Amino acid sequence: MKFLAIIQARCGSSRLPSKVLKDLCGKTILERVIERVRKSKYVDEVVVATTLNEDDIPIVSLVSSLGIRVFAGNSLDVLDRYYQAAKIIQPEYVIRITADCPVFDAKLLDDAIEKLKPETDYMAACSETLADGLDLEIIRYEVLKQVWKEAHLASEREHVTMYIKNNKKLFTIQDYKSPLGNLHNERWTVDEPEDYFFIKNIYDHFKIAGKEAFDSKDILAYLNANPKVREINKGFIRNEGLLISLKNDRTVKRPIEE
C-alpha cells in the first residue's frame with residue numbers, strides 16, 4: 001500500500017465536546033470528513049484513529065458501522081496512536097488528517113500527492129497558505145517510525161509532526177502551497193461553537209443549491225459573495241491547541257521500542 005490516510009478523532013474536546021458527532025445535513029462531521037477524504041484518487045485506505053476512552057466508544061461504533069477500519073489507542077500520545085495504527089498496515093506514506101475539518105478537499109490532497117517529490121520525507125503547508133481546516137500532511141512511514149522513537153517532548157507526542165518541525169535538518173521537507181492563493185486568514189475548521197455554525201451555514205447553502213459535492217473553490221466563491229458569513233467565526237486564534245501545548249511543554253517518557 002502506498003497512501004494510508006489516518007483521521008484522528010475523539011469526543012473529548014473541551015471547547016466543543018463531541019464535535020465530530022455533530023450533525024451536518026444528516027451526517028456527522030466525522031462521516032463528512034471520511035467521505036471527502038475517500039474522494040481522493042490516490043488514497044488506498046482510510047483509517048480512523050481514536051482513543052481507548054469510554055467517551056469515544058460512539059466513534060468506534062459509528063466507524064465500524066461504515067465498514068471503515070478503526071484503531072483505538074493512547075488518548076494523550078497521539079503520535080503513538082498514529083504509529084500503532086499505521087504499523088498494522090505499513091504503507092509507504094501516511095496522510096494525517098484531523099476530524100474537525102469537514103470541508104477537507106480531496107482535490108488539494110491529490111494535487112499535493114502529484115507534486116510530492118521522491119526524496120521528500122514530510123510534506124505540508126508549512127507556509128500556512130491553506131485555510132485552517134484544509135490542512136494536510138504527508139509523512140513517509142519510516143519517518144513516522146523514526147519520529148515515534150525519538151520524540152520526547154509532550155508537544156511532540158500530542159502533535160504528531162512537531163518533532164519534524166523542531167528538527168528540520170534531519171528531514172527533507174517539502175512545502176505545499178495553496179493553488180488557490182493565500183488562504184491563511186480563512187477559518188474553515190471546527191473548534192468552537194461559532195465554527196460549527198459557520199460550517200453548518202456552508203453545508204446548508206450547498207444543499208439548498210443542489211451541489212453537495214462542493215470544493216474549496218465553491219466555498220471561496222460563496223464567501224466572497226456573502227462576506228457576512230465570515231463574521232460568524234471571526235477572531236479566533238489559529239492553532240490555539242498547539243500554543244497551549246507549547247506553553248505547558250515538558251519532557252515525557254517515550255514508548256519502549258518493540
# chains A, B, ... in the order shown; residues from 1 in each chain; ligands from 1
$ residues_around --residues "Tyr42 in chain A" --least-positions-apart "3" --cutoff "9 Å" --atoms "only C-alpha atoms" --output "PDB file with C-alpha atoms, in the first residue's frame"
ATOM      1  CA  LYS A   2       1.304   3.435  -0.896  1.00  0.00           C
ATOM      2  CA  PHE A   3      -1.006   6.021   0.726  1.00  0.00           C
ATOM      3  CA  LYS A  39     -12.812  11.002  -2.870  1.00  0.00           C
ATOM      4  CA  LEU A 109      -4.716  16.325  -1.431  1.00  0.00           C
ATOM      5  CA  ASP A 110      -4.407  14.795  -4.889  1.00  0.00           C
ATOM      6  CA  ILE A 113       0.430  13.919  -3.890  1.00  0.00           C
TER       7      ILE A 113
END
$ select_by_dssp --residues "range 90-207 of chain A" --states "strand (DSSP E or B)" --output "number ranges by chain"
A: 93-98, 122-124, 132, 137-140, 153, 173-175, 187
$ write_last_selection --atoms "N, CA, C and O atoms" --output "compact mmCIF listing (two decimals), in the first residue's frame"
# COMPACT_ATOMS: atom_id res chain seq x y z
N TYR A 93 3.46 5.82 2.64
CA TYR A 93 3.20 7.16 3.20
C TYR A 93 1.96 7.15 4.07
O TYR A 93 0.99 6.43 3.79
N VAL A 94 1.99 7.98 5.11
CA VAL A 94 0.83 8.20 5.97
C VAL A 94 0.36 9.64 5.75
O VAL A 94 1.16 10.57 5.79
N ILE A 95 -0.93 9.79 5.51
CA ILE A 95 -1.52 11.12 5.37
C ILE A 95 -2.27 11.44 6.66
O ILE A 95 -3.17 10.69 7.06
N ARG A 96 -1.88 12.51 7.31
CA ARG A 96 -2.51 12.89 8.57
C ARG A 96 -3.62 13.90 8.34
O ARG A 96 -3.40 14.95 7.73
N ILE A 97 -4.80 13.58 8.85
CA ILE A 97 -5.96 14.45 8.73
C ILE A 97 -6.68 14.46 10.07
O ILE A 97 -6.71 13.44 10.77
N THR A 98 -7.25 15.59 10.45
CA THR A 98 -7.99 15.68 11.70
C THR A 98 -9.49 15.74 11.42
O THR A 98 -9.93 16.26 10.38
N TYR A 122 8.58 14.61 4.41
CA TYR A 122 7.40 15.21 5.03
C TYR A 122 6.93 16.37 4.16
O TYR A 122 7.71 17.25 3.80
N MET A 123 5.65 16.34 3.83
CA MET A 123 5.07 17.42 3.03
C MET A 123 3.86 17.99 3.77
O MET A 123 3.01 17.25 4.28
N ALA A 124 3.80 19.32 3.84
CA ALA A 124 2.68 20.01 4.47
C ALA A 124 2.66 21.45 4.01
O ALA A 124 3.61 21.92 3.38
N ASP A 132 -7.34 27.27 7.43
CA ASP A 132 -7.39 26.45 8.63
C ASP A 132 -8.62 25.55 8.50
O ASP A 132 -9.75 26.00 8.55
N GLU A 137 -1.09 16.66 5.77
CA GLU A 137 0.32 16.34 5.99
C GLU A 137 0.58 14.95 5.42
O GLU A 137 -0.20 14.02 5.65
N ILE A 138 1.67 14.81 4.70
CA ILE A 138 2.06 13.53 4.13
C ILE A 138 3.43 13.15 4.71
O ILE A 138 4.39 13.91 4.56
N ILE A 139 3.49 12.02 5.38
CA ILE A 139 4.70 11.61 6.08
C ILE A 139 5.13 10.23 5.59
O ILE A 139 4.31 9.31 5.52
N ARG A 140 6.38 10.11 5.26
CA ARG A 140 6.90 8.78 4.91
C ARG A 140 6.78 7.88 6.14
O ARG A 140 7.12 8.29 7.26
N LEU A 153 9.29 15.38 23.80
CA LEU A 153 8.51 16.45 24.42
C LEU A 153 7.02 16.13 24.35
O LEU A 153 6.56 15.50 23.39
N ILE A 173 12.03 18.23 3.82
CA ILE A 173 10.69 18.79 3.98
C ILE A 173 10.27 19.55 2.72
O ILE A 173 11.05 20.31 2.16
N GLN A 174 9.04 19.32 2.30
CA GLN A 174 8.50 19.98 1.11
C GLN A 174 7.27 20.80 1.49
O GLN A 174 6.33 20.29 2.11
N ASP A 175 7.30 22.07 1.14
CA ASP A 175 6.18 22.96 1.43
C ASP A 175 5.12 22.83 0.34
O ASP A 175 5.42 22.90 -0.84
N ARG A 187 -10.86 30.62 8.07
CA ARG A 187 -11.04 29.65 9.16
C ARG A 187 -12.21 28.73 8.82
O ARG A 187 -13.37 29.11 8.95
$ closest_residue --among "A:Thr120, A:Asn224, A:Asn166, A:Ser216" --to "Leu180 in chain A" --atoms "only C-alpha atoms"
A:Ser216
$ atom_distance --atom1 "CA of Lys115 in chain A" --atom2 "CA of His184 in chain A"
20.5 Å
$ residues_around --residues "Pro193 in chain A" --least-positions-apart "2" --cutoff "9 Å" --atoms "only C-alpha atoms" --output "list in words"
Arg15, Leu16, Lys19, Val190, Asp191, Asp195, Tyr196, Phe197, Phe198 and Asn233 of chain A
$ residues_around --residues "range 57-72 of chain A" --least-positions-apart "5" --cutoff "8 Å" --atoms "only C-alpha atoms" --output "PyMOL selection string"
chain A and resi 9-11+21+46-52+81+85
